[in-house]
Each structure stands twice: as structure tokens, then as C-alpha cells.
>>> print(open('model_21.csv').read())   # CSV, C-alpha atoms
chain,number,residue,atom,x,y,z
A,1187,MET,CA,-2.6,-9.8,-19.9
A,1188,LEU,CA,-2.9,-12.8,-17.7
A,1189,ARG,CA,-6.2,-14.7,-17.6
A,1190,PHE,CA,-7.4,-17.0,-14.8
A,1191,GLY,CA,-10.4,-19.2,-14.1
A,1192,PRO,CA,-13.2,-20.6,-16.2
A,1193,GLN,CA,-13.9,-19.8,-19.9
A,1194,ASP,CA,-17.4,-18.8,-19.1
A,1195,GLY,CA,-18.8,-17.1,-16.0
A,1196,PRO,CA,-18.4,-13.4,-15.0
A,1197,VAL,CA,-15.0,-11.8,-15.5
A,1198,VAL,CA,-13.3,-9.5,-13.0
A,1199,ILE,CA,-10.4,-7.4,-14.0
A,1200,ALA,CA,-7.7,-6.5,-11.5
A,1201,ALA,CA,-6.0,-3.1,-11.1
A,1202,PRO,CA,-2.7,-3.8,-9.3
A,1203,ALA,CA,-1.2,-1.5,-6.7
A,1204,LEU,CA,1.1,1.1,-8.3
A,1205,PHE,CA,4.9,1.4,-8.5
A,1206,GLU,CA,6.9,-0.7,-6.0
A,1207,GLU,CA,3.7,-1.9,-4.3
A,1208,ALA,CA,2.8,-3.7,-7.5
A,1209,ASN,CA,5.8,-6.0,-7.1
A,1210,ARG,CA,5.1,-6.6,-3.5
A,1211,THR,CA,1.5,-7.6,-4.0
A,1212,ARG,CA,1.6,-9.3,-7.4
A,1213,ALA,CA,1.9,-12.9,-6.2
A,1214,PHE,CA,-0.9,-12.2,-3.6
A,1215,LEU,CA,-3.1,-10.7,-6.3
A,1216,VAL,CA,-2.5,-13.7,-8.6
A,1217,ARG,CA,-3.4,-16.0,-5.7
A,1218,ILE,CA,-6.7,-14.1,-5.2
A,1219,LEU,CA,-7.6,-14.4,-8.9
A,1220,ARG,CA,-6.8,-18.1,-8.9
A,1221,LEU,CA,-9.1,-18.6,-5.9
A,1222,LEU,CA,-11.9,-16.7,-7.7
A,1223,GLY,CA,-11.8,-19.4,-10.3
A,1224,VAL,CA,-13.0,-21.9,-7.6
A,1225,HIS,CA,-16.0,-19.6,-7.2
A,1226,GLY,CA,-16.7,-19.8,-11.0
A,1227,ILE,CA,-15.4,-16.3,-11.6
A,1228,ALA,CA,-12.7,-15.6,-14.3
A,1229,GLY,CA,-10.0,-13.1,-13.8
A,1230,ALA,CA,-7.9,-10.8,-16.0
A,1231,LEU,CA,-4.7,-9.1,-14.8
A,1232,PRO,CA,-3.3,-6.4,-17.3
A,1233,ASP,CA,0.0,-4.7,-17.0
A,1234,LEU,CA,-0.6,-0.9,-16.9
A,1235,PRO,CA,1.5,1.0,-19.5
A,1236,GLY,CA,5.0,1.5,-18.1
A,1237,GLN,CA,4.5,-1.0,-15.3
A,1238,GLY,CA,5.2,-4.7,-15.0
A,1239,GLU,CA,5.9,-6.3,-18.4
A,1240,SER,CA,4.7,-3.3,-20.4
A,1241,LEU,CA,7.0,-2.1,-23.1
A,1242,LEU,CA,6.3,1.5,-22.6
A,1243,PRO,CA,9.2,3.3,-20.8
A,1244,THR,CA,8.2,4.1,-17.2
A,1245,HIS,CA,8.9,7.8,-17.7
A,1246,GLN,CA,6.2,8.0,-20.4
A,1247,ALA,CA,3.4,6.6,-18.2
A,1248,THR,CA,0.6,9.0,-17.3
A,1249,LEU,CA,-2.4,8.7,-15.0
A,1250,ALA,CA,-4.8,9.4,-17.9
A,1251,GLY,CA,-3.0,6.7,-19.9
A,1252,TRP,CA,-3.3,4.2,-17.1
A,1253,ARG,CA,-7.1,4.9,-16.8
A,1254,ASP,CA,-7.6,4.7,-20.6
A,1255,ALA,CA,-5.6,1.4,-20.9
A,1256,PHE,CA,-7.4,-0.1,-18.0
A,1257,ALA,CA,-10.9,0.8,-19.3
A,1258,THR,CA,-9.9,-0.6,-22.7
A,1259,ALA,CA,-8.7,-3.8,-21.2
A,1260,ALA,CA,-11.9,-4.1,-19.1
A,1261,ARG,CA,-14.0,-3.6,-22.3
A,1262,HIS,CA,-11.9,-6.2,-24.1
A,1263,VAL,CA,-12.5,-8.9,-21.6
A,1264,SER,CA,-16.1,-7.8,-20.9
A,1265,ALA,CA,-15.4,-7.4,-17.2
A,1266,VAL,CA,-18.4,-7.0,-14.9
A,1267,ALA,CA,-16.3,-5.8,-11.9
A,1268,THR,CA,-12.9,-4.5,-11.0
A,1269,VAL,CA,-10.7,-5.7,-8.1
A,1270,SER,CA,-8.1,-3.2,-7.1
A,1271,ILE,CA,-5.4,-3.0,-4.5
A,1272,ARG,CA,-4.2,0.3,-2.9
A,1273,GLY,CA,-3.4,2.9,-5.7
A,1274,GLY,CA,-5.1,0.6,-8.2
A,1275,ALA,CA,-8.3,2.4,-7.0
A,1276,LEU,CA,-7.0,5.5,-8.8
A,1277,VAL,CA,-7.2,3.9,-12.2
A,1278,ASP,CA,-10.2,1.5,-12.0
A,1279,GLY,CA,-12.8,4.3,-12.3
A,1280,PRO,CA,-13.5,4.7,-16.0
A,1281,ALA,CA,-13.8,1.0,-16.6
A,1282,PRO,CA,-17.4,0.1,-17.9
A,1283,VAL,CA,-18.3,-2.3,-15.0
A,1284,SER,CA,-21.1,-2.8,-12.6
A,1285,ALA,CA,-19.0,-2.9,-9.4
A,1286,LEU,CA,-15.7,-1.7,-8.0
A,1287,TRP,CA,-14.2,-3.8,-5.3
A,1288,ARG,CA,-11.1,-2.3,-3.5
A,1289,LEU,CA,-8.6,-3.5,-0.9
A,1290,SER,CA,-7.2,-0.6,1.2
A,1291,PRO,CA,-7.7,2.1,-1.4
A,1292,ILE,CA,-5.6,5.3,-1.1
A,1293,THR,CA,-6.0,8.8,-2.4
A,1294,GLY,CA,-3.6,10.2,-5.0
A,1295,ALA,CA,-2.1,12.5,-2.4
A,1296,GLU,CA,-1.3,9.6,-0.2
A,1297,GLN,CA,0.3,7.8,-3.1
A,1298,VAL,CA,2.5,10.8,-3.9
A,1299,LYS,CA,3.6,11.0,-0.3
A,1300,GLU,CA,4.6,7.4,-0.3
A,1301,LEU,CA,6.6,8.0,-3.4
A,1302,TRP,CA,8.3,10.9,-1.8
A,1303,ARG,CA,9.3,8.9,1.3
A,1304,ILE,CA,10.7,6.1,-0.9
A,1305,ARG,CA,12.7,8.6,-3.0
A,1306,GLN,CA,14.1,10.3,0.1
A,1307,ALA,CA,15.0,6.9,1.7
A,1308,ALA,CA,16.7,5.5,-1.4
A,1309,HIS,CA,18.8,8.6,-2.0
A,1310,ASP,CA,19.6,9.1,1.7
A,1311,ARG,CA,18.6,12.7,1.3
A,1312,PRO,CA,18.6,15.2,4.1
A,1313,LYS,CA,15.6,15.0,6.3
A,1314,LEU,CA,13.1,17.6,4.9
A,1315,ARG,CA,9.6,18.3,5.9
A,1316,TYR,CA,7.2,17.0,3.2
A,1317,ASP,CA,6.0,19.7,0.8
A,1318,PRO,CA,3.7,18.3,-1.8
A,1319,ALA,CA,3.7,21.5,-3.9
A,1320,ARG,CA,7.4,21.4,-4.2
A,1321,PHE,CA,7.7,17.7,-4.9
A,1322,ILE,CA,5.1,17.6,-7.7
A,1323,ALA,CA,6.8,20.6,-9.3
A,1324,GLU,CA,10.1,18.7,-9.7
A,1325,LEU,CA,10.7,18.0,-13.4
A,1326,ASP,CA,12.8,14.9,-13.2
A,1327,VAL,CA,11.8,12.6,-10.4
A,1328,GLU,CA,13.3,9.2,-10.0
A,1329,VAL,CA,11.8,6.8,-7.5
A,1330,ALA,CA,13.5,3.5,-6.8
A,1331,GLY,CA,15.3,3.4,-10.1
A,1332,ASN,CA,12.4,4.5,-12.2
A,1333,ARG,CA,12.0,8.0,-13.8
A,1334,LEU,CA,8.5,9.4,-13.7
A,1335,ALA,CA,6.8,11.4,-16.4
A,1336,PRO,CA,6.7,15.1,-15.8
A,1337,GLY,CA,3.1,15.8,-14.7
A,1338,LEU,CA,2.4,12.3,-13.3
A,1339,LEU,CA,2.8,13.4,-9.7
A,1340,ALA,CA,0.8,16.6,-10.2
A,1341,ALA,CA,-2.1,14.6,-11.8
A,1342,MET,CA,-1.9,11.9,-9.1
A,1343,ASN,CA,-1.8,14.4,-6.2
A,1344,ILE,CA,-5.3,15.5,-6.9
A,1345,ALA,CA,-6.7,12.1,-8.0
A,1346,GLU,CA,-9.3,10.4,-5.8
A,1347,PRO,CA,-10.9,6.9,-6.2
A,1348,SER,CA,-14.0,7.3,-8.3
A,1349,SER,CA,-17.5,6.1,-7.4
A,1350,ASP,CA,-19.0,5.8,-10.8
A,1351,ALA,CA,-20.2,2.3,-10.0
A,1352,PRO,CA,-21.2,0.7,-6.6
A,1353,VAL,CA,-18.0,0.5,-4.5
A,1354,ARG,CA,-17.1,-2.1,-1.8
A,1355,THR,CA,-14.1,-1.2,0.3
A,1356,VAL,CA,-12.2,-3.8,2.4
A,1357,ARG,CA,-9.4,-2.9,4.8
A,1358,LEU,CA,-7.3,-4.7,7.3
A,1359,ASP,CA,-8.6,-4.6,10.9
A,1360,THR,CA,-5.5,-2.7,12.0
A,1361,ASN,CA,-6.5,0.3,9.9
A,1362,PRO,CA,-9.0,2.6,11.7
A,1363,ARG,CA,-10.5,4.1,8.5
A,1364,PRO,CA,-14.1,3.2,7.6
A,1365,ALA,CA,-14.7,0.1,5.4
A,1366,ASP,CA,-17.5,-2.2,4.4
A,1367,LEU,CA,-15.5,-5.1,5.7
A,1368,LYS,CA,-12.4,-5.4,7.9
A,1369,LEU,CA,-10.2,-8.5,7.9
A,1370,PRO,CA,-7.2,-9.6,9.9
A,1371,GLY,CA,-4.0,-9.9,7.8
A,1372,ARG,CA,-0.6,-8.3,6.9
A,1373,PRO,CA,-0.2,-5.1,4.8
A,1374,LEU,CA,1.8,-7.0,2.1
A,1375,TRP,CA,2.2,-3.8,0.1
A,1376,ARG,CA,4.7,-2.6,2.8
A,1377,ALA,CA,6.5,-5.9,3.3
A,1378,SER,CA,10.2,-5.8,2.3
A,1379,GLU,CA,9.8,-9.2,0.6
A,1380,PRO,CA,6.9,-10.2,-1.5
A,1381,ASP,CA,4.7,-12.7,0.3
A,1382,VAL,CA,1.2,-14.3,0.2
A,1383,ASP,CA,-1.1,-14.2,3.2
A,1384,GLU,CA,-3.1,-17.4,2.5
A,1385,PRO,CA,-6.0,-16.9,5.0
A,1386,LEU,CA,-6.4,-13.3,3.9
A,1387,ALA,CA,-6.4,-14.3,0.2
A,1388,GLN,CA,-9.1,-16.9,0.9
A,1389,ALA,CA,-11.2,-14.4,2.8
A,1390,LEU,CA,-10.9,-11.7,0.1
A,1391,ALA,CA,-11.7,-14.2,-2.7
A,1392,ASP,CA,-14.8,-15.2,-0.8
A,1393,ASP,CA,-15.9,-11.6,-0.3
A,1394,ILE,CA,-15.2,-10.7,-4.0
A,1395,ALA,CA,-17.2,-13.7,-5.2
A,1396,ALA,CA,-20.2,-12.8,-3.0
A,1397,TRP,CA,-20.1,-9.2,-4.1
A,1398,VAL,CA,-19.7,-10.0,-7.8
A,1399,HIS,CA,-22.5,-12.5,-7.7
A,1400,ALA,CA,-24.8,-10.0,-5.9
A,1401,CYS,CA,-24.0,-7.2,-8.3
A,1402,VAL,CA,-24.6,-9.2,-11.5
A,1403,ALA,CA,-27.6,-11.1,-10.2
B,736,MET,CA,-5.4,5.7,31.3
B,737,ILE,CA,-2.1,7.0,30.0
B,738,GLU,CA,-0.4,3.7,31.0
B,739,GLU,CA,-3.1,1.8,29.2
B,740,GLY,CA,-2.7,4.0,26.1
B,741,ALA,CA,1.1,3.6,26.2
B,742,GLY,CA,0.7,-0.2,26.2
B,743,GLN,CA,-1.5,0.0,23.2
B,744,VAL,CA,1.1,2.2,21.4
B,745,ASP,CA,3.8,-0.3,22.2
B,746,GLY,CA,1.7,-3.2,21.0
B,747,THR,CA,1.0,-1.3,17.7
B,748,ILE,CA,4.8,-0.7,17.2
B,749,ARG,CA,5.6,-4.4,17.7
B,750,ALA,CA,2.8,-5.4,15.3
B,751,VAL,CA,4.1,-2.9,12.6
B,752,LEU,CA,7.7,-4.1,13.0
B,753,ARG,CA,6.4,-7.7,12.7
B,754,ASP,CA,4.2,-7.1,9.6
B,755,VAL,CA,6.5,-4.7,7.7
B,756,LEU,CA,9.8,-6.3,8.4
B,757,GLY,CA,8.6,-9.9,8.4
B,758,LEU,CA,9.7,-10.6,12.0
B,759,THR,CA,8.1,-13.3,14.1
B,760,GLN,CA,5.8,-12.4,17.0
B,761,ASP,CA,8.2,-14.0,19.5
B,762,ARG,CA,11.0,-11.8,18.2
B,763,VAL,CA,9.1,-8.5,18.5
B,764,ASN,CA,7.7,-9.6,21.9
B,765,ALA,CA,11.2,-9.9,23.2
B,766,PHE,CA,12.0,-6.2,22.3
B,767,ASP,CA,12.6,-4.0,25.3
B,768,GLU,CA,13.3,-0.4,25.8
B,769,SER,CA,17.0,-0.9,25.0
B,770,THR,CA,16.7,-3.1,22.0
B,771,PRO,CA,18.7,-1.4,19.2
B,772,LEU,CA,16.7,-0.8,15.9
B,773,PHE,CA,18.1,1.3,13.1
B,774,GLY,CA,21.6,0.3,12.2
B,775,LEU,CA,21.6,-2.9,14.2
B,776,LEU,CA,18.4,-4.6,13.2
B,777,PRO,CA,19.3,-5.8,9.7
B,778,GLU,CA,15.8,-5.9,8.4
B,779,LEU,CA,15.3,-2.2,9.2
B,780,ASP,CA,17.1,-0.5,6.3
B,781,SER,CA,16.3,3.0,5.1
B,782,MET,CA,13.7,1.7,2.6
B,783,ALA,CA,11.9,-0.3,5.3
B,784,VAL,CA,11.9,2.8,7.6
B,785,ALA,CA,9.7,4.5,5.0
B,786,GLY,CA,7.2,1.6,5.2
B,787,VAL,CA,7.3,1.4,9.0
B,788,LEU,CA,6.7,5.1,9.4
B,789,THR,CA,3.7,5.2,7.1
B,790,GLU,CA,2.1,2.1,8.6
B,791,LEU,CA,2.5,3.6,12.1
B,792,GLU,CA,0.8,6.8,10.9
B,793,ASP,CA,-2.1,4.7,9.5
B,794,ARG,CA,-2.6,2.6,12.6
B,795,LEU,CA,-2.1,5.3,15.2
B,796,GLY,CA,-3.9,8.0,13.3
B,797,ILE,CA,-1.0,10.4,13.5
B,798,THR,CA,1.3,12.4,11.1
B,799,ILE,CA,5.0,12.0,11.4
B,800,GLU,CA,6.9,14.9,9.9
B,801,ASP,CA,9.9,13.6,8.0
B,802,ASP,CA,12.2,16.2,9.6
B,803,GLU,CA,11.4,14.6,13.0
B,804,VAL,CA,12.8,11.3,11.9
B,805,ASP,CA,16.5,10.8,12.6
B,806,GLY,CA,18.9,8.1,13.7
B,807,GLU,CA,18.4,9.0,17.3
B,808,MET,CA,14.6,8.6,17.2
B,809,LEU,CA,15.0,5.2,15.7
B,810,GLU,CA,18.0,4.1,17.7
B,811,THR,CA,16.2,1.9,20.2
B,812,PHE,CA,12.7,0.5,20.6
B,813,GLY,CA,12.4,2.6,23.7
B,814,LYS,CA,13.2,5.9,21.9
B,815,LEU,CA,10.8,5.1,19.0
B,816,ALA,CA,8.1,4.2,21.6
B,817,HIS,CA,8.7,7.4,23.5
B,818,PHE,CA,8.4,9.5,20.4
B,819,LEU,CA,5.2,7.8,19.3
B,820,ARG,CA,3.6,7.9,22.8
B,821,LYS,CA,4.0,11.6,22.8
B,822,LYS,CA,2.5,11.9,19.4
B,823,ALA,CA,-0.4,9.5,19.9
B,824,LEU,CA,-1.4,10.3,23.5
B,825,LEU,CA,-1.4,14.1,23.6
>>> encode(input="model_21.csv", output="C-alpha cells")
Amino acid sequence: MLRFGPQDGPVVIAAPALFEEANRTRAFLVRILRLLGVHGIAGALPDLPGQGESLLPTHQATLAGWRDAFATAARHVSAVATVSIRGGALVDGPAPVSALWRLSPITGAEQVKELWRIRQAAHDRPKLRYDPARFIAELDVEVAGNRLAPGLLAAMNIAEPSSDAPVRTVRLDTNPRPADLKLPGRPLWRASEPDVDEPLAQALADDIAAWVHACVA
Amino acid sequence: MIEEGAGQVDGTIRAVLRDVLGLTQDRVNAFDESTPLFGLLPELDSMAVAGVLTELEDRLGITIEDDEVDGEMLETFGKLAHFLRKKALL
């Protein structure tokens, strides 16, 4: 688990985006956590089991396992708030924190559809209409070189971001969905090459800092 | 009204190609109806197509069925724009 910022002060724990989006947004998320240090907030960035540097094989990772591991890590660092990107909002819920901050959260069903599109594109499969029931019933799914555990897609397809603690949702101003704050910037989770949008990182760190200070005050 | 809407759809497509493929604003501004996309725009490989389609769905508030997507629909900027204008403006 990577740690950032001051030794004292409130700690936030980050739930990265899932699958390929984690790689595309990792440098960006690290930049945000470093910027939080300037605001006196410490950051922790765990690798979910089967993702990033984790030793667990990808095909043994489950949604319940991700949630448990994330909650354990949050407890371990005494986090007061979570910071999640995209599908990270599906695992931040059970963490014992006072606030959930989310950038462009998606539902589990949306995450599964993204995986389907990536799988279809990578294998140059014939153009089929998306049928979630059929996709989640497949027993051996490989997406961009990673085999997925049987049952992961089915569990994810019905998962929703939780609201067990106060939630603040931030989206890009190009996205018409409701949010507490909209900011200009690039959807880095879709970019072909990992990148950092510095003005966006600054604006997000400012917002997270204000929200965390308000929630723990 | 339709023309105004069509202009907005075109602007959204240019912005999505810029953001997802990492192209400059100048480059996407220079795209016209006959600019070739899939197969001739090196940044637009089949993986990038998945990201472009989903981002277009998000921004335009539409659903693109995957069996509607083929090489012809993505052949030129004009063909992609035509497909999306029909989806977004009806």
C-alpha cells in the first residue's frame, strides 16, 4: 500500500478504478493524493486483490473480496474518508469512514458493459448486440489478457455504489448526469495512453480537501 | 433547430475524439465529412473504438447497439456524424 502526505492529519484511502481503467488513471490518482498532502491530508493507495501489484491471481478476485480487503485497509490506516474513481465506487462502501468522495462513479452494470466492449474489441469478435444475461453466464471470461473469476461479472452486474456514509459526487462537465460538482477535464480512464490532467488534479484535490475538512470538523 | 443540434453533435464527436485518442484541438477541428477514421487514423484502433463509443453514449445520452457498429459507420467523420445525428436528434 502506497502512503502519501503528512504523518499526522486526517487520512483518506483511495479506491482505484477497476481493470484497465486502473492503469490509465493510476498516475493521475497518485498526483491527486500527493496534492492532498499540501492540504495537510494523508493518503493511502492499496492494490485490490488480483489488481495492480497484488499477488493474488486475477481469476481469483471477487467483488466481495475487494470490498473486504478495502474495508480492512481503511481500518488499518484509520481512514476518515474514501476517494474513488469510476468503478472504485463499487468497492468503497463497507469501509468504516465518515465520507465517500467519488469521481465519475459508475454502476456495476455499466462496468460489466465496458468489459464486454473491451473483450469484443480485443478479440475482434463478430458484432453482437450486448446481452448482459448471456455475458455474465459465461464461465471463462478473459478481458484484455486477464481471466476473470466465475461469478465476478454476475456479482458486479447487480452492484451499485453504496451510500452508507455521506457521498460527494464529482463529474466532468461534459457528462450530463447529476453531480455535486462539475469540472472541465479529460476522461483519462478512456485515454489510450495514461496521462495526468494537472488543472483537473488540482481542482479535485481542492474539492476533496474541503469536503474532508468539512466532514471531520 | 435541427442544424443547431447537428452542430452540437459534431462538436461533441470532435471533443470525444480529442479526449479519448489524445488528438489536438487543431487536428480534430480540421476533420471534415470525408476525413477517414477507422483503418486510416492510427490512433483509432479497435480498443480505442470501444472507448470512443461509450464516451459518445455518455455525452450524447444515447445507446449505441454494438451490432450497429461496423467499418462503414466508422469509415469517415461524415458517416459517424450522420449515424449519431440520427440517434441523438430523433
>>> closest_residue(input="model_21.csv", among="A:Pro1352, A:Val1283, A:Asp1383, A:Ala1345", to="A:Ala1250", atoms="all atoms listed in the file")
A:Ala1345
>>> closest_atom_pairs(input="model_21.csv", of="chain A", to="chain B", cutoff="10 Å", atoms="all atoms listed in the file", output="CSV")
residue,atom,partner,partner_atom,distance
A:Glu1296,CA,B:Thr789,CA,9.9
A:Lys1299,CA,B:Thr789,CA,9.4
A:Glu1300,CA,B:Thr789,CA,7.8
A:Leu1301,CA,B:Ala785,CA,9.6
A:Trp1302,CA,B:Ala785,CA,9.4
A:Arg1303,CA,B:Ala785,CA,5.8
A:Ile1304,CA,B:Ala785,CA,6.2
A:Arg1305,CA,B:Met782,CA,8.9
A:Gln1306,CA,B:Ala785,CA,8.8
A:Ala1307,CA,B:Ser781,CA,5.3
A:Ala1308,CA,B:Met782,CA,6.3
A:His1309,CA,B:Ser781,CA,9.4
A:Asp1310,CA,B:Ser781,CA,7.7
A:Pro1312,CA,B:Asp802,CA,8.5
A:Lys1313,CA,B:Asp802,CA,4.9
A:Leu1314,CA,B:Asp802,CA,5.0
A:Arg1315,CA,B:Asp802,CA,5.0
A:Tyr1316,CA,B:Asp801,CA,6.5
A:Ala1330,CA,B:Met782,CA,9.6
A:Asp1359,CA,B:Arg794,CA,9.5
A:Thr1360,CA,B:Arg794,CA,6.1
A:Asn1361,CA,B:Arg794,CA,5.3
A:Pro1362,CA,B:Arg794,CA,6.5
A:Arg1363,CA,B:Asp793,CA,8.5
A:Gly1371,CA,B:Asp754,CA,8.8
A:Arg1372,CA,B:Asp754,CA,5.6
A:Pro1373,CA,B:Asp754,CA,6.8
A:Leu1374,CA,B:Val755,CA,7.7
A:Trp1375,CA,B:Val755,CA,8.8
A:Arg1376,CA,B:Gly786,CA,5.4
A:Ala1377,CA,B:Val755,CA,4.6
A:Ser1378,CA,B:Leu756,CA,6.1
A:Glu1379,CA,B:Gly757,CA,7.9
A:Asp1381,CA,B:Gly757,CA,9.4
>>> atom_distance(input="model_21.csv", atom1="atom CA of A:Pro1235", atom2="atom CA of A:Ala1255")
7.2 Å
>>> residues_around(input="model_21.csv", residues="stretch 811-815 of chain B", least_positions_apart="4", cutoff="7 Å", atoms="all atoms listed in the file", output="NGL selection string")
:B and (766-772 or 819)
>>> atom_distance(input="model_21.csv", atom1="atom CA of A:Arg1220", atom2="atom CA of B:Thr759")
27.8 Å
>>> atom_distance(input="model_21.csv", atom1="atom CA of A:Asp1278", atom2="atom CA of A:Ala1340")
18.8 Å
>>> closest_residue(input="model_21.csv", among="A:Gly1191, A:Ala1247, A:Ala1200, A:Leu1234", to="A:Asn1332", atoms="all atoms listed in the file")
A:Ala1247
>>> residues_around(input="model_21.csv", residues="A:Thr1355", least_positions_apart="4", cutoff="12 Å", atoms="only C-alpha atoms", output="JSON, numbers by chain")
{"A": [1268, 1269, 1270, 1271, 1272, 1275, 1285, 1286, 1287, 1288, 1289, 1290, 1291, 1292, 1347, 1349, 1363, 1364, 1365, 1366, 1367, 1368, 1369, 1390, 1393, 1394, 1397]}
>>> residues_near_point(input="model_21.csv", point="(21.7, 6.6, 11.9)", cutoff="10 Å", atoms="all atoms listed in the file", output="PyMOL selection string")
chain B and resi 772-775+781+805-810
>>> build_atoms(input="model_21.csv", residues="stretch 814-825 of chain B", atoms="N, CA, C and O atoms", output="PDB file, in the coordinates of the input")
ATOM      1  N   LYS B 814      13.271   4.492  22.400  1.00  0.00           N
ATOM      2  CA  LYS B 814      13.200   5.900  21.900  1.00  0.00           C
ATOM      3  C   LYS B 814      12.112   6.029  20.854  1.00  0.00           C
ATOM      4  O   LYS B 814      11.438   7.061  20.829  1.00  0.00           O
ATOM      5  N   LEU B 815      11.916   5.027  20.028  1.00  0.00           N
ATOM      6  CA  LEU B 815      10.800   5.100  19.000  1.00  0.00           C
ATOM      7  C   LEU B 815       9.472   5.125  19.783  1.00  0.00           C
ATOM      8  O   LEU B 815       8.590   5.919  19.456  1.00  0.00           O
ATOM      9  N   ALA B 816       9.362   4.279  20.805  1.00  0.00           N
ATOM     10  CA  ALA B 816       8.100   4.200  21.600  1.00  0.00           C
ATOM     11  C   ALA B 816       7.836   5.542  22.275  1.00  0.00           C
ATOM     12  O   ALA B 816       6.700   6.029  22.289  1.00  0.00           O
ATOM     13  N   HIS B 817       8.886   6.132  22.830  1.00  0.00           N
ATOM     14  CA  HIS B 817       8.700   7.400  23.500  1.00  0.00           C
ATOM     15  C   HIS B 817       8.214   8.486  22.574  1.00  0.00           C
ATOM     16  O   HIS B 817       7.293   9.240  22.891  1.00  0.00           O
ATOM     17  N   PHE B 818       8.827   8.548  21.386  1.00  0.00           N
ATOM     18  CA  PHE B 818       8.400   9.500  20.400  1.00  0.00           C
ATOM     19  C   PHE B 818       6.951   9.344  19.992  1.00  0.00           C
ATOM     20  O   PHE B 818       6.184  10.300  19.919  1.00  0.00           O
ATOM     21  N   LEU B 819       6.564   8.089  19.778  1.00  0.00           N
ATOM     22  CA  LEU B 819       5.200   7.800  19.300  1.00  0.00           C
ATOM     23  C   LEU B 819       4.162   7.994  20.397  1.00  0.00           C
ATOM     24  O   LEU B 819       3.041   8.415  20.137  1.00  0.00           O
ATOM     25  N   ARG B 820       4.546   7.662  21.650  1.00  0.00           N
ATOM     26  CA  ARG B 820       3.600   7.900  22.800  1.00  0.00           C
ATOM     27  C   ARG B 820       3.272   9.338  22.889  1.00  0.00           C
ATOM     28  O   ARG B 820       2.125   9.720  23.101  1.00  0.00           O
ATOM     29  N   LYS B 821       4.285  10.186  22.750  1.00  0.00           N
ATOM     30  CA  LYS B 821       4.000  11.600  22.800  1.00  0.00           C
ATOM     31  C   LYS B 821       3.093  12.081  21.734  1.00  0.00           C
ATOM     32  O   LYS B 821       2.188  12.874  21.950  1.00  0.00           O
ATOM     33  N   LYS B 822       3.301  11.560  20.530  1.00  0.00           N
ATOM     34  CA  LYS B 822       2.500  11.900  19.400  1.00  0.00           C
ATOM     35  C   LYS B 822       1.035  11.433  19.533  1.00  0.00           C
ATOM     36  O   LYS B 822       0.083  12.150  19.240  1.00  0.00           O
ATOM     37  N   ALA B 823       0.909  10.178  19.940  1.00  0.00           N
ATOM     38  CA  ALA B 823      -0.400   9.500  19.900  1.00  0.00           C
ATOM     39  C   ALA B 823      -1.250   9.836  21.119  1.00  0.00           C
ATOM     40  O   ALA B 823      -2.472   9.765  21.047  1.00  0.00           O
ATOM     41  N   LEU B 824      -0.621  10.182  22.230  1.00  0.00           N
ATOM     42  CA  LEU B 824      -1.400  10.300  23.500  1.00  0.00           C
ATOM     43  C   LEU B 824      -1.629  11.704  23.929  1.00  0.00           C
ATOM     44  O   LEU B 824      -2.202  11.935  24.971  1.00  0.00           O
ATOM     45  N   LEU B 825      -1.188  12.687  23.155  1.00  0.00           N
ATOM     46  CA  LEU B 825      -1.400  14.100  23.600  1.00  0.00           C
ATOM     47  C   LEU B 825      -2.592  14.683  22.797  1.00  0.00           C
ATOM     48  O   LEU B 825      -2.871  14.277  21.696  1.00  0.00           O
TER      49      LEU B 825
END
